[in-house]
Amino acid sequence: MHRFLLTPRWWGINVFVALAVPFCLFMGSWQLGRFEDRVDSHREASADRPADQVAAPLESLLPVDKTTSGRLASTAGEYGDQLLVPERRLDGRSGFYVLTLLKTDSGKSVPVVRGWLPGVADPAKAPAPPTGRVEVSGALQAAENAGTKGVHSQGGLPAGQLGVISAASLVNIVPYDLYDAWLTVRTPSEGMIPVPAQAPTNTGLDLKAFQNLGYTGEWFVFVAFVLFMWFRLYRREVETIRDAEAGLLEPAAR
């Protein structure tokens with residue numbers, strides 16, 4: 001009855017199934033692992049940093065990654081050029097960041113977002129930075145890019161304004177070396193509102209995360225489909241043999 005399983009045709013079908021099932025299971029498990037990694041990254045990135053977190057030296061946390069993003073960093077130097085970052089929303093309101101370049105003791109400068117103010121970006125509203133040598137601590141942030149949520153990447157901004165906070169955007173504006181990162185202070189002065197730290201990129205439960213979950217389901221459905229088709233072919237072959245043995249098939253059908 002089952003000798004047909006040893007025919008070349010069924011050897012091909014069986015080998016295909018034997019390879020397809022573990023491959024689909026592996027791919028489904030891999031996609032599920034990717035989704036779980038994104039969930040863990042999102043949970044870690046969105047977790048509140050301890051209020052008593054000790055600030056680490058800025059250079060010890062660079063380059064910024066998923067682990068160091070949001071960490072409290074400290075550095076010292078003198079404030080220099082000040083720029084405004086327009087069209088930034090906070091608590092549902094539109095406003096602008098007050099960003100000042102801090103010339104650190106290392107010779108490089110780091111952008112420091114000293115706070116947020118509501119309304120249209122206006123240099124007259126932005127408080128002047130402290131003079132002399134200062135010590136600054138703030139949440140470390142990765143450089144922005146055109147795809148970062150909330151940035152003004154179209155260009156055409158007036159002088160003294162910046163659309164994207166990154167070394168690449170500042171290199172043609174300021175004449176000194178820059179760290180490719182920025183800080184947002186926790187306790188701004190003179191009526192400004194602190195800018196909360198942003199989660200690092202690729203750590204949120206975004207479309208990519210749910211794509212991984214969807215792909216997981218697809219691969220496991222493929223496993224069920226392959227097994228179902230094998231069983232259907234097997235059952236049809238057995239029924240054909242039985243019908244032939246019972247003389248229910250025409251000679252041409254045999």
# chains A, B, ... in the order shown; residues from 1 in each chain; ligands from 1

call {"tool": "residues_around", "arguments": {"residues": "Gln154 in chain A", "least_positions_apart": "3", "cutoff": "10 Å", "atoms": "only C-alpha atoms", "output": "ChimeraX atom specification"}}
result
/A:146,151,157,163-164

call {"tool": "write_last_selection", "arguments": {"atoms": "N, CA, C and O atoms", "output": "PDB file, in the first residue's frame"}}
result
ATOM      1  N   ALA A 146      17.528  63.231   9.246  1.00  0.00           N
ATOM      2  CA  ALA A 146      16.317  63.683   8.564  1.00  0.00           C
ATOM      3  C   ALA A 146      15.105  62.830   8.903  1.00  0.00           C
ATOM      4  O   ALA A 146      13.967  63.285   8.792  1.00  0.00           O
ATOM      5  N   VAL A 151      11.897  66.641  13.520  1.00  0.00           N
ATOM      6  CA  VAL A 151      12.932  67.546  13.045  1.00  0.00           C
ATOM      7  C   VAL A 151      12.440  68.338  11.844  1.00  0.00           C
ATOM      8  O   VAL A 151      11.532  67.929  11.124  1.00  0.00           O
ATOM      9  N   LEU A 157      15.945  77.622   6.774  1.00  0.00           N
ATOM     10  CA  LEU A 157      15.733  78.304   8.041  1.00  0.00           C
ATOM     11  C   LEU A 157      16.536  79.597   8.094  1.00  0.00           C
ATOM     12  O   LEU A 157      17.607  79.708   7.482  1.00  0.00           O
ATOM     13  N   GLY A 163      17.782  73.004  12.089  1.00  0.00           N
ATOM     14  CA  GLY A 163      16.672  72.071  11.941  1.00  0.00           C
ATOM     15  C   GLY A 163      16.937  70.703  12.524  1.00  0.00           C
ATOM     16  O   GLY A 163      16.043  70.060  13.051  1.00  0.00           O
ATOM     17  N   VAL A 164      18.189  70.237  12.410  1.00  0.00           N
ATOM     18  CA  VAL A 164      18.562  68.895  12.853  1.00  0.00           C
ATOM     19  C   VAL A 164      19.776  69.004  13.774  1.00  0.00           C
ATOM     20  O   VAL A 164      20.789  69.597  13.396  1.00  0.00           O
TER      21      VAL A 164
END

call {"tool": "residues_around", "arguments": {"residues": "Leu102 in chain A", "least_positions_apart": "4", "cutoff": "10 Å", "atoms": "only C-alpha atoms", "output": "list in words"}}
result
Thr75, Ala76, Gly77, Glu78, Tyr79, Gly80, Asp81, Gln82, Gly107, Lys108, Ser109, Val110, Pro111, Val112, Pro129, Arg133, Val134, Glu135, Val136, Leu178, Trp182 and Leu183 of chain A

call {"tool": "select_by_dssp", "arguments": {"residues": "range 27-239 of chain A", "states": "strand (DSSP E)", "output": "PyMOL selection string"}}
result
chain A and resi 56-57+72-90+93-104+109-118+133-142+181-185

call {"tool": "atom_distance", "arguments": {"atom1": "CA of Leu101 in chain A", "atom2": "CA of Lys149 in chain A"}}
result
22.3 Å

call {"tool": "residues_around", "arguments": {"residues": "range 3-14 of chain A", "least_positions_apart": "4", "cutoff": "9 Å", "atoms": "only C-alpha atoms", "output": "MDAnalysis selection string"}}
result
chainID A and resid 18:19 230 234 237:238

call {"tool": "write_last_selection", "arguments": {"atoms": "N, CA and C atoms", "output": "compact mmCIF listing (two decimals), in the first residue's frame"}}
result
# COMPACT_ATOMS: atom_id res chain seq x y z
N ALA A 18 10.86 17.66 4.32
CA ALA A 18 11.86 17.51 5.39
C ALA A 18 12.76 18.74 5.50
N LEU A 19 12.98 19.43 4.40
CA LEU A 19 13.80 20.64 4.43
C LEU A 19 12.96 21.88 4.72
N TRP A 230 1.17 17.97 2.22
CA TRP A 230 1.74 16.62 2.18
C TRP A 230 0.68 15.58 2.53
N TYR A 234 -0.79 12.65 0.17
CA TYR A 234 -0.70 11.26 0.65
C TYR A 234 -2.07 10.61 0.66
N GLU A 237 -3.30 9.83 -2.80
CA GLU A 237 -2.58 8.70 -3.39
C GLU A 237 -3.11 7.39 -2.84
N VAL A 238 -3.34 7.31 -1.54
CA VAL A 238 -3.86 6.09 -0.92
C VAL A 238 -5.26 5.77 -1.44

call {"tool": "closest_residue", "arguments": {"among": "A:Glu36, A:Asp177, A:Glu144, A:Glu87", "to": "Gly119 in chain A", "atoms": "only C-alpha atoms"}}
result
A:Glu87

call {"tool": "atom_distance", "arguments": {"atom1": "CA of Gly70 in chain A", "atom2": "CA of Val39 in chain A"}}
result
17.6 Å

call {"tool": "atom_distance", "arguments": {"atom1": "CA of Pro194 in chain A", "atom2": "CA of Val113 in chain A"}}
result
8.5 Å

call {"tool": "residues_around", "arguments": {"residues": "Trp219 in chain A", "least_positions_apart": "2", "cutoff": "8 Å", "atoms": "only C-alpha atoms", "output": "PDB file with C-alpha atoms, in the first residue's frame"}}
result
ATOM      1  CA  CYS A  24      10.196  27.643   8.244  1.00  0.00           C
ATOM      2  CA  LEU A  25      10.399  26.885  11.968  1.00  0.00           C
ATOM      3  CA  MET A  27      12.792  31.562  10.283  1.00  0.00           C
ATOM      4  CA  GLY A  28       9.674  31.918  12.428  1.00  0.00           C
ATOM      5  CA  TYR A 215       6.485  37.478   9.636  1.00  0.00           C
ATOM      6  CA  THR A 216       6.606  35.112  12.620  1.00  0.00           C
ATOM      7  CA  GLY A 217       2.992  34.172  12.044  1.00  0.00           C
ATOM      8  CA  VAL A 221       1.478  29.234   8.777  1.00  0.00           C
ATOM      9  CA  PHE A 222       3.830  28.023   6.030  1.00  0.00           C
ATOM     10  CA  VAL A 223       4.737  25.031   8.240  1.00  0.00           C
TER      11      VAL A 223
END
